[in-house]
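Just upload.txt here, compact mmCIF, C-alpha atoms and all ligand atoms:
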```
# COMPACT_ATOMS: atom_id res chain seq x y z
CA MET M 1 19.53 -105.27 -52.53
CA ILE M 2 20.16 -103.68 -49.18
CA GLU M 3 20.72 -105.69 -46.03
CA ILE M 4 20.76 -105.38 -42.28
CA LYS M 5 22.48 -108.07 -40.23
CA ILE M 6 20.91 -108.86 -36.85
CA LYS M 7 22.59 -111.22 -34.38
CA PHE M 8 20.78 -112.30 -31.21
CA LEU M 9 23.35 -112.86 -28.49
CA GLY M 10 20.93 -113.48 -25.65
CA GLY M 11 17.48 -112.82 -24.22
CA CYS M 12 15.95 -115.41 -26.58
CA ASP M 13 14.93 -118.14 -24.14
CA GLY M 14 13.71 -116.38 -21.05
CA ILE M 15 14.72 -113.18 -19.36
CA GLY M 16 18.38 -112.22 -19.02
CA LYS M 17 21.41 -111.44 -21.15
CA SER M 18 19.53 -109.21 -23.58
CA ALA M 19 22.00 -108.32 -26.33
CA ILE M 20 21.44 -107.71 -30.04
CA LEU M 21 24.26 -106.90 -32.45
CA VAL M 22 23.46 -104.98 -35.65
CA ASP M 23 25.81 -105.17 -38.64
CA GLY M 24 28.58 -106.45 -36.35
CA LYS M 25 29.04 -102.92 -35.01
CA ILE M 26 26.08 -101.60 -33.03
CA MET M 27 25.11 -103.41 -29.83
CA MET M 28 21.64 -102.86 -28.43
CA ASP M 29 21.80 -103.77 -24.72
CA TYR M 30 24.39 -106.01 -23.09
CA GLY M 31 22.82 -107.60 -20.05
CA LEU M 32 23.56 -110.37 -17.62
CA GLN M 33 21.64 -113.33 -16.28
CA THR M 34 20.50 -112.33 -12.82
CA GLY M 35 20.58 -115.19 -10.38
CA GLY M 36 22.13 -117.59 -12.90
CA ASP M 37 25.51 -119.25 -12.51
CA ASP M 38 26.54 -118.16 -15.99
CA PRO M 39 25.99 -114.43 -15.71
CA PHE M 40 27.58 -113.08 -18.89
CA PRO M 41 26.71 -113.36 -22.56
CA LEU M 42 29.31 -114.37 -25.10
CA MET M 43 32.23 -112.02 -25.20
CA ASN M 44 31.63 -109.88 -28.23
CA ASP M 45 32.87 -106.49 -29.06
CA CYS M 46 31.28 -103.64 -30.90
CA ASN M 47 31.91 -100.06 -31.96
CA HIS M 48 28.81 -98.54 -30.36
CA LEU M 49 26.56 -99.53 -27.49
CA LEU M 50 22.95 -98.41 -27.05
CA ILE M 51 21.46 -99.11 -23.59
CA SER M 52 17.67 -99.23 -23.55
CA HIS M 53 17.18 -99.04 -19.77
CA GLY M 54 18.67 -99.46 -16.33
CA HIS M 55 17.95 -103.10 -15.52
CA LEU M 56 20.81 -105.56 -15.09
CA ASP M 57 19.44 -107.97 -17.69
CA HIS M 58 19.93 -105.15 -20.24
CA CYS M 59 23.00 -103.27 -18.99
CA GLY M 60 24.75 -105.60 -16.51
CA SER M 61 27.55 -106.74 -18.82
CA ALA M 62 28.16 -103.39 -20.53
CA PRO M 63 31.61 -102.83 -18.92
CA LEU M 64 32.86 -105.89 -20.82
CA LEU M 65 32.53 -104.03 -24.12
CA ARG M 66 35.84 -102.32 -23.56
CA LYS M 67 36.43 -101.54 -27.24
CA ALA M 68 33.16 -99.65 -27.74
CA LYS M 69 33.94 -96.10 -28.86
CA ASP M 70 30.74 -94.60 -27.54
CA VAL M 71 27.73 -95.51 -25.46
CA PHE M 72 24.28 -93.92 -25.67
CA ALA M 73 21.51 -93.86 -23.05
CA THR M 74 19.02 -91.46 -21.53
CA ALA M 75 20.19 -89.56 -18.44
CA PRO M 76 18.23 -91.70 -15.90
CA THR M 77 19.43 -94.90 -17.61
CA ALA M 78 23.02 -93.67 -17.33
CA ASP M 79 22.60 -93.08 -13.58
CA PHE M 80 20.82 -96.39 -12.94
CA THR M 81 23.45 -98.27 -14.94
CA LYS M 82 26.20 -96.86 -12.73
CA LEU M 83 24.20 -97.55 -9.55
CA LEU M 84 23.54 -101.18 -10.51
CA LEU M 85 27.02 -101.95 -11.83
CA ASP M 86 28.73 -100.48 -8.74
CA ASP M 87 26.36 -102.48 -6.54
CA SER M 88 27.06 -105.66 -8.49
CA VAL M 89 30.85 -105.26 -7.98
CA ARG M 90 30.32 -104.43 -4.29
CA LEU M 91 28.08 -107.46 -3.69
CA ASN M 92 30.58 -109.69 -5.42
CA GLU M 93 33.39 -108.49 -3.17
CA LYS M 94 31.23 -108.93 -0.10
CA GLU M 95 30.22 -112.45 -0.95
CA ASN M 96 33.81 -113.22 -1.87
CA LYS M 97 32.85 -115.02 -5.04
CA LYS M 98 35.32 -115.69 -7.83
CA ARG M 99 36.72 -112.51 -9.30
CA HIS M 100 34.14 -110.31 -10.99
CA MET M 101 34.31 -110.07 -14.76
CA TYR M 102 34.79 -106.33 -14.51
CA SER M 103 36.09 -103.83 -12.00
CA THR M 104 35.13 -100.32 -10.94
CA TYR M 105 37.81 -99.17 -13.40
CA ASP M 106 35.81 -100.77 -16.25
CA ILE M 107 32.64 -99.12 -14.98
CA ASP M 108 34.36 -95.72 -14.94
CA LEU M 109 35.68 -96.33 -18.46
CA LEU M 110 32.17 -97.18 -19.65
CA MET M 111 30.69 -94.09 -18.00
CA SER M 112 33.39 -91.85 -19.54
CA LYS M 113 32.20 -92.92 -23.01
CA LEU M 114 28.52 -92.47 -22.25
CA LYS M 115 26.62 -89.75 -24.08
CA THR M 116 23.15 -88.97 -22.77
CA VAL M 117 20.35 -88.53 -25.28
CA SER M 118 16.82 -87.20 -25.01
CA TYR M 119 13.69 -88.95 -26.20
CA ASN M 120 12.84 -88.32 -29.87
CA GLU M 121 16.24 -86.75 -30.60
CA GLU M 122 17.84 -88.14 -33.77
CA PHE M 123 21.57 -88.81 -33.73
CA LYS M 124 23.99 -90.63 -36.06
CA VAL M 125 25.50 -94.03 -35.28
CA ASP M 126 27.59 -95.78 -37.91
CA GLY M 127 25.49 -94.76 -40.92
CA TYR M 128 22.17 -95.10 -39.08
CA SER M 129 19.92 -92.40 -37.69
CA CYS M 130 19.10 -93.46 -34.17
CA THR M 131 16.22 -92.34 -31.97
CA PHE M 132 15.31 -93.34 -28.41
CA LEU M 133 11.56 -93.34 -27.73
CA ASP M 134 9.80 -93.51 -24.38
CA ALA M 135 9.13 -97.23 -23.73
CA GLY M 136 6.98 -96.63 -20.62
CA HIS M 137 8.68 -99.53 -18.76
CA ILE M 138 10.72 -97.74 -16.07
CA VAL M 139 11.93 -94.16 -15.66
CA GLY M 140 14.12 -93.29 -18.65
CA SER M 141 13.46 -96.57 -20.48
CA SER M 142 13.64 -96.51 -24.26
CA SER M 143 12.63 -98.34 -27.35
CA ILE M 144 15.23 -97.85 -30.07
CA LEU M 145 14.71 -96.94 -33.74
CA LEU M 146 17.61 -97.44 -36.14
CA LYS M 147 16.91 -95.90 -39.52
CA GLY M 148 19.09 -96.81 -42.47
CA ASP M 149 18.32 -98.32 -45.86
CA VAL M 150 16.53 -100.94 -43.78
CA SER M 151 15.03 -99.61 -40.57
CA LEU M 152 14.68 -101.50 -37.30
CA PHE M 153 12.55 -100.87 -34.22
CA TYR M 154 13.51 -102.61 -30.96
CA SER M 155 10.74 -102.32 -28.37
CA SER M 156 12.98 -103.51 -25.53
CA ASP M 157 10.93 -103.86 -22.32
CA THR M 158 7.85 -101.76 -22.82
CA ASN M 159 4.57 -100.86 -21.17
CA SER M 160 1.75 -98.94 -22.77
CA ILE M 161 -0.26 -98.91 -19.52
CA GLU M 162 0.06 -95.63 -17.64
CA THR M 163 1.14 -96.09 -14.00
CA LYS M 164 1.24 -93.72 -11.04
CA LEU M 165 4.88 -92.85 -11.73
CA ILE M 166 5.29 -92.76 -15.50
CA ARG M 167 3.36 -92.38 -18.71
CA GLY M 168 2.87 -95.41 -20.95
CA SER M 169 4.83 -95.86 -24.17
CA ASN M 170 3.53 -93.67 -26.96
CA GLY M 171 3.41 -93.68 -30.73
CA PHE M 172 5.31 -95.99 -32.99
CA PRO M 173 7.41 -94.29 -35.68
CA GLY M 174 7.31 -96.89 -38.47
CA ALA M 175 10.05 -99.30 -39.54
CA ASP M 176 10.69 -102.38 -41.71
CA VAL M 177 11.68 -104.82 -38.97
CA GLY M 178 10.40 -105.07 -35.38
CA ILE M 179 12.04 -106.80 -32.42
CA VAL M 180 9.41 -107.09 -29.69
CA GLU M 181 9.31 -108.39 -26.13
CA SER M 182 6.88 -111.21 -25.28
CA THR M 183 7.23 -111.32 -21.47
CA TYR M 184 3.48 -111.27 -20.69
CA PHE M 185 2.10 -112.62 -23.95
CA GLY M 186 -0.97 -114.68 -23.02
CA GLU M 187 -1.49 -112.94 -19.68
CA ASP M 188 -3.42 -109.80 -18.88
CA HIS M 189 -2.76 -107.51 -15.89
CA THR M 190 -5.33 -106.48 -13.29
CA PRO M 191 -6.58 -102.96 -14.08
CA ARG M 192 -4.37 -100.49 -12.24
CA LYS M 193 -7.10 -98.73 -10.28
CA ASP M 194 -8.51 -102.00 -8.83
CA LEU M 195 -5.01 -103.12 -7.95
CA GLU M 196 -4.16 -99.88 -6.11
CA ASP M 197 -7.48 -99.90 -4.22
CA ARG M 198 -7.00 -103.48 -3.06
CA PHE M 199 -3.39 -102.75 -2.07
CA ILE M 200 -4.25 -99.69 0.04
CA LYS M 201 -7.27 -101.37 1.67
CA SER M 202 -5.13 -104.31 2.75
CA ILE M 203 -2.45 -102.04 4.25
CA LYS M 204 -5.02 -100.04 6.21
CA GLU M 205 -6.64 -103.20 7.59
CA THR M 206 -3.30 -104.51 8.85
CA ILE M 207 -2.40 -101.22 10.52
CA GLU M 208 -5.82 -101.05 12.18
CA GLU M 209 -5.34 -104.56 13.55
CA GLY M 210 -1.98 -103.58 15.00
CA GLY M 211 0.26 -105.46 12.55
CA ASN M 212 3.30 -104.42 10.53
CA VAL M 213 3.39 -104.38 6.74
CA ILE M 214 6.52 -105.25 4.79
CA ILE M 215 6.57 -104.32 1.11
CA PRO M 216 9.56 -105.73 -0.77
CA CYS M 217 10.29 -103.62 -3.86
CA PHE M 218 12.87 -103.38 -6.61
CA ALA M 219 14.97 -100.28 -5.95
CA ILE M 220 14.40 -98.73 -9.35
CA ASN M 221 10.91 -97.63 -10.40
CA ARG M 222 8.82 -100.03 -8.24
CA THR M 223 9.90 -98.36 -4.99
CA GLN M 224 8.94 -94.92 -6.34
CA GLU M 225 5.67 -96.23 -7.79
CA ILE M 226 4.73 -97.63 -4.37
CA LEU M 227 5.89 -94.46 -2.54
CA SER M 228 3.71 -92.34 -4.85
CA ILE M 229 0.65 -94.56 -4.26
CA LEU M 230 1.20 -94.53 -0.49
CA GLY M 231 1.78 -90.76 -0.55
CA GLU M 232 -1.47 -90.17 -2.36
CA HIS M 233 -3.26 -91.97 0.49
CA ASN M 234 -1.30 -90.15 3.19
CA ILE M 235 0.50 -93.29 4.33
CA SER M 236 4.06 -92.52 5.47
CA PRO M 237 6.27 -95.61 5.34
CA TYR M 238 9.79 -96.40 6.45
CA LEU M 239 12.19 -96.73 3.53
CA ASP M 240 15.31 -98.90 3.57
CA GLY M 241 17.82 -100.19 0.99
CA MET M 242 18.91 -99.13 -2.47
CA GLY M 243 15.49 -97.61 -3.15
CA VAL M 244 16.64 -94.50 -1.28
CA GLU M 245 19.44 -93.79 -3.75
CA ALA M 246 17.26 -94.70 -6.73
CA THR M 247 14.57 -92.25 -5.55
CA LYS M 248 17.14 -89.45 -5.32
CA ILE M 249 18.26 -90.23 -8.88
CA ILE M 250 14.68 -90.16 -10.18
CA LEU M 251 13.94 -86.88 -8.42
CA SER M 252 16.97 -85.38 -10.15
CA HIS M 253 15.29 -86.13 -13.52
CA PRO M 254 11.80 -84.73 -12.91
CA SER M 255 10.91 -84.42 -16.59
CA PHE M 256 11.02 -88.22 -16.95
CA ILE M 257 8.18 -88.80 -14.50
CA LYS M 258 4.52 -87.85 -14.55
CA ASN M 259 4.11 -86.14 -11.22
CA SER M 260 7.43 -85.23 -9.62
CA SER M 261 5.75 -83.15 -6.92
CA LEU M 262 3.78 -86.22 -5.72
CA LEU M 263 6.96 -88.30 -5.53
CA LYS M 264 8.87 -85.46 -3.84
CA ARG M 265 6.12 -85.01 -1.24
CA SER M 266 5.90 -88.77 -0.67
CA PHE M 267 9.69 -89.06 -0.30
CA ASP M 268 9.79 -86.10 2.10
CA ASN M 269 7.28 -87.95 4.29
CA VAL M 270 9.10 -91.29 4.52
CA SER M 271 11.27 -92.17 7.50
CA LEU M 272 14.67 -93.20 6.22
CA VAL M 273 16.00 -96.11 8.24
CA ASN M 274 19.21 -95.79 10.21
CA LYS M 275 20.39 -97.70 13.28
CA LYS M 276 18.40 -95.57 15.71
CA VAL M 277 15.21 -95.66 13.65
CA ARG M 278 15.52 -99.42 13.07
CA LYS M 279 15.19 -100.06 16.81
CA ARG M 280 11.80 -98.40 17.07
CA ILE M 281 10.13 -99.52 13.83
CA PHE M 282 8.28 -102.39 15.49
CA ASP M 283 7.19 -100.39 18.54
CA GLU M 284 3.95 -99.59 16.74
CA PRO M 285 2.08 -100.63 13.56
CA SER M 286 4.20 -99.60 10.58
CA VAL M 287 4.67 -99.88 6.83
CA ILE M 288 8.17 -100.69 5.56
CA VAL M 289 9.19 -100.38 1.89
CA THR M 290 12.49 -102.12 1.27
CA THR M 291 14.72 -104.06 -1.13
CA ALA M 292 15.12 -106.71 -2.41
CA GLY M 293 11.92 -107.14 -4.41
CA MET M 294 12.09 -110.95 -4.36
CA ALA M 295 13.30 -111.17 -0.74
CA ASN M 296 16.47 -112.83 -1.92
CA GLY M 297 18.79 -110.58 0.04
CA GLY M 298 19.01 -107.01 1.27
CA PRO M 299 17.41 -105.40 4.34
CA VAL M 300 14.02 -107.06 3.76
CA LEU M 301 15.39 -110.22 5.40
CA ASN M 302 16.07 -108.36 8.66
CA TYR M 303 12.45 -107.24 8.74
CA LEU M 304 11.11 -110.68 7.86
CA LYS M 305 13.07 -112.08 10.78
CA ARG M 306 11.02 -109.84 13.03
CA ILE M 307 7.54 -110.56 11.66
CA TYR M 308 7.44 -114.09 10.26
CA LYS M 309 5.87 -115.52 13.42
CA ASP M 310 3.28 -112.77 13.73
CA PRO M 311 -0.07 -113.65 12.11
CA LYS M 312 -1.22 -110.04 12.45
CA SER M 313 1.58 -108.79 10.18
CA LYS M 314 1.66 -108.90 6.43
CA LEU M 315 4.17 -109.40 3.64
CA MET M 316 3.02 -107.77 0.41
CA PHE M 317 4.96 -108.61 -2.75
CA THR M 318 4.72 -106.01 -5.50
CA GLY M 319 5.61 -108.12 -8.50
CA TYR M 320 6.41 -111.43 -10.09
CA GLN M 321 8.63 -113.78 -8.05
CA VAL M 322 11.15 -115.68 -10.16
CA GLU M 323 11.69 -119.42 -9.70
CA GLY M 324 14.43 -120.15 -7.18
CA THR M 325 13.95 -116.97 -5.12
CA ASN M 326 12.87 -116.67 -1.50
CA GLY M 327 9.77 -114.84 -2.69
CA ARG M 328 8.68 -117.75 -4.88
CA MET M 329 9.22 -120.24 -2.04
CA ILE M 330 7.18 -118.11 0.35
CA LEU M 331 4.31 -117.93 -2.13
CA GLU M 332 4.34 -121.58 -3.11
CA LYS M 333 5.33 -123.33 0.12
CA GLY M 334 4.90 -120.77 2.89
CA LEU M 335 8.57 -121.27 3.72
CA LEU M 336 11.21 -118.59 4.13
CA ARG M 337 14.98 -119.02 4.03
CA LEU M 338 16.67 -117.04 6.81
CA ASN M 339 20.43 -117.49 6.81
CA ARG M 340 20.62 -121.27 6.34
CA ASN M 341 17.34 -122.13 8.05
CA LEU M 342 13.99 -122.74 6.45
CA VAL M 343 11.19 -121.35 8.60
CA LYS M 344 7.43 -121.40 8.21
CA ILE M 345 5.97 -117.96 7.67
CA GLU M 346 2.90 -117.33 9.79
CA SER M 347 2.20 -113.76 8.66
CA THR M 348 -0.27 -113.20 5.84
CA VAL M 349 1.39 -113.16 2.41
CA GLU M 350 -0.10 -111.31 -0.57
CA GLN M 351 1.07 -110.60 -4.09
CA TYR M 352 0.19 -107.58 -6.22
CA ASP M 353 0.88 -107.37 -9.95
CA PHE M 354 2.45 -103.91 -10.28
CA SER M 355 4.04 -105.03 -13.51
CA SER M 356 6.03 -102.63 -15.64
CA HIS M 357 5.45 -104.61 -18.84
CA SER M 358 2.58 -104.54 -21.30
CA GLY M 359 0.14 -107.42 -20.86
CA ASP M 360 -1.30 -109.65 -23.57
CA LYS M 361 -3.84 -107.12 -24.82
CA GLU M 362 -1.26 -104.31 -25.11
CA LEU M 363 1.34 -106.52 -26.85
CA LYS M 364 -1.20 -107.60 -29.44
CA SER M 365 -2.27 -104.04 -30.11
CA MET M 366 1.39 -102.95 -30.35
CA VAL M 367 2.26 -105.42 -33.12
CA LYS M 368 -0.90 -104.50 -35.02
CA ARG M 369 0.02 -100.82 -34.90
CA MET M 370 3.56 -101.64 -35.96
CA ALA M 371 2.30 -103.70 -38.91
CA ASP M 372 0.04 -100.80 -39.94
CA LYS M 373 3.14 -98.59 -40.00
CA GLY M 374 5.11 -100.87 -42.30
CA VAL M 375 6.73 -103.62 -40.22
CA ASN M 376 6.54 -106.88 -42.15
CA LEU M 377 9.01 -108.96 -40.18
CA PHE M 378 8.93 -109.44 -36.40
CA PHE M 379 11.33 -111.12 -34.00
CA THR M 380 10.01 -112.05 -30.55
CA VAL M 381 12.39 -112.01 -27.57
CA HIS M 382 12.49 -111.60 -23.76
CA GLY M 383 10.06 -114.39 -22.92
CA ASP M 384 10.37 -118.10 -22.36
CA ARG M 385 10.39 -120.25 -25.50
CA ASP M 386 6.66 -120.95 -25.31
CA ASN M 387 5.80 -117.27 -25.08
CA ASN M 388 8.13 -116.26 -27.89
CA GLU M 389 6.70 -118.98 -30.14
CA SER M 390 3.04 -118.34 -29.24
CA PHE M 391 3.56 -114.65 -30.02
CA VAL M 392 5.07 -115.64 -33.39
CA GLU M 393 1.98 -117.76 -34.16
CA TYR M 394 -0.29 -114.86 -33.23
CA ILE M 395 1.60 -112.42 -35.46
CA LYS M 396 1.56 -114.82 -38.42
CA GLU M 397 -2.11 -115.75 -38.09
CA GLU M 398 -3.77 -112.61 -36.78
CA VAL M 399 -1.51 -109.83 -38.06
CA GLY M 400 -0.46 -111.53 -41.29
CA CYS M 401 3.26 -110.77 -41.05
CA GLU M 402 6.35 -112.91 -41.05
CA ALA M 403 7.61 -113.61 -37.51
CA ILE M 404 10.52 -115.52 -35.97
CA ALA M 405 11.41 -116.52 -32.38
CA PRO M 406 15.23 -116.50 -32.66
CA HIS M 407 17.59 -118.73 -30.67
CA THR M 408 20.75 -117.48 -28.99
CA ASN M 409 23.50 -116.78 -31.54
CA ASP M 410 21.16 -116.87 -34.53
CA THR M 411 22.04 -114.31 -37.19
CA TYR M 412 19.59 -112.98 -39.78
CA ASN M 413 20.40 -111.00 -42.89
CA VAL M 414 17.27 -109.04 -43.66
CA SER M 415 17.02 -107.44 -47.06
CA ILE M 416 14.65 -105.06 -48.73
CA THR M 417 14.58 -105.60 -52.48
ZN ZN M 501 13.48 -104.20 -17.73
```
Go through the file and emit its structure as structure tokens.
Amino acid sequence: MIEIKIKFLGGCDGIGKSAILVDGKIMMDYGLQTGGDDPFPLMNDCNHLLISHGHLDHCGSAPLLRKAKDVFATAPTADFTKLLLDDSVRLNEKENKKRHMYSTYDIDLLMSKLKTVSYNEEFKVDGYSCTFLDAGHIVGSSSILLKGDVSLFYSSDTNSIETKLIRGSNGFPGADVGIVESTYFGEDHTPRKDLEDRFIKSIKETIEEGGNVIIPCFAINRTQEILSILGEHNISPYLDGMGVEATKIILSHPSFIKNSSLLKRSFDNVSLVNKKVRKRIFDEPSVIVTTAGMANGGPVLNYLKRIYKDPKSKLMFTGYQVEGTNGRMILEKGLLRLNRNLVKIESTVEQYDFSSHSGDKELKSMVKRMADKGVNLFFTVHGDRDNNESFVEYIKEEVGCEAIAPHTNDTYNVSIT
């Protein structure tokens, strides 16, 4: 009897702290809880760390794994990880919170151990053959295949829908066990083309009426997706915040995106915001792409200060707004927190679902394909409890495989007899 031991350290009840330990040695992701007051998963150590992609809920606690001998990630993931971790330390110092759990020294130590890998390239990790496959979620994002006597496929965050910036996830290699995300189980996305058309039409209407458009975006991936869409329609926006640096990183890895010349052209046409530019942005109708994506901080707040009383102007969210964020409050109550004041927003507010995750239809088709290729046990993660459990029911009833929605700190010994 041959066994694989899988321990779920986080990411089991909602989004955040994704971390899965295999055989007590190989860690897949080590994220933090963004926005929570308990940001770090349990302190655990490991010999090897595999980072699926550059989002803080997957890589944000990686510097704590000081004993890891080596770290593997794709080249864009390596760059995003450094960008996000440095930013997290900087923000912490600025806000003068209690001492951060790691320092820039720990980040440098982590980066010194990082080996970049290409998609579909097999390498050895502690007795396993490991392969990173394009997950289609953000630039450089990976699903991970660990092949040993028992083989394991971890989808991580994945999207099989092609977007303007990147291709969707592709084929599934076959494995015994699957760990799959359930973020959008039960919810389908608007078809991409309709979404883009509606988005562009709304921007053009606002400009024609003499208003300003503010588009809050996550720095990584969403900003470049939006820039590419705007570029294709010859709209030249202002760009402010961490999205500038993230765009430079992405352009330095052109093979990881679909159409690097479109992004390059779009980026060449943006006006980067500096002090001088900032003064004249509102002199005429304009489009401003800026961080943070949920309006919880960053330069977007300075722009909102300028437009919130103007009914001709528009605030266009480009993704889901998490509970407890400014973005969520604006959508639900029409109220915006500026410094310590709550103000009523009189501009038009719209939300567009430029999600980078598979929707219900794609998740269902993914597990069916995986079952066809030999997976007979699934674990569902990265969704709230209801989603994880509904996905389990679906897999059991419709796909006919065993499925489990693990809880934090659950360990499973999976054997093939
Ligand atoms: Zn992600």
Original post:
Quick one, how far is CA of Glu3 in chain M from CA of Asp149 in chain M?
Top reply: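 Going from CA of Glu3 in chain M over to CA of Asp149 in chain M covers 7.8 Å.
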**OP:** Find the residues around Tyr128 in chain M up to 6 Å (all atoms listed in the file counted), leave out those fewer than 4 positions away in its own chain, and share them as a list in words.
**Re:**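 Neighbouring residues, sequence-local ones excluded: Lys124, Leu146, Lys147 and Gly148 of chain M.
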**OP:** Work out how far CA of Gln351 in chain M is from CA of Arg328 in chain M, in Å to one decimal.
**Re:**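 Atom-to-atom, CA of Arg328 in chain M to CA of Gln351 in chain M, that is 10.5 Å.
Every residue within 12 Å of the file position (4.5, -89.4, -25.7), judged by only C-alpha atoms, is given as Tyr119, Asn120, Phe132, Leu133, Asp134, Ala135, Gly136, Ser142, Ser160, Glu162, Ile166, Arg167, Gly168, Ser169, Asn170, Gly171, Phe172, Pro173, Phe256, Ile257 and Lys258 of chain M.
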Original post:
Nearest to Thr223 in chain M among M:Ile307, M:Leu145, M:Val273, M:Ile288, with distances taken over all atoms listed in the file: which residue is it?
Top reply: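 The closest residue to Thr223 in chain M is M:Ile288.
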**OP:** Between CA of Ile226 in chain M and CA of Thr325 in chain M, measure the distance and give it in Å to one decimal.
**Re:**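 Atom-to-atom, CA of Ile226 in chain M and CA of Thr325 in chain M are spaced 21.4 Å apart.
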**OP:** Fewer than 6 positions away in the same chain doesn't count, so skip those; otherwise give me all residues within 8 Å of range 363-367 of chain M, counting all atoms listed in the file, as an MDAnalysis selection string.
**Re:** chainID M and resid 182 185 395 399
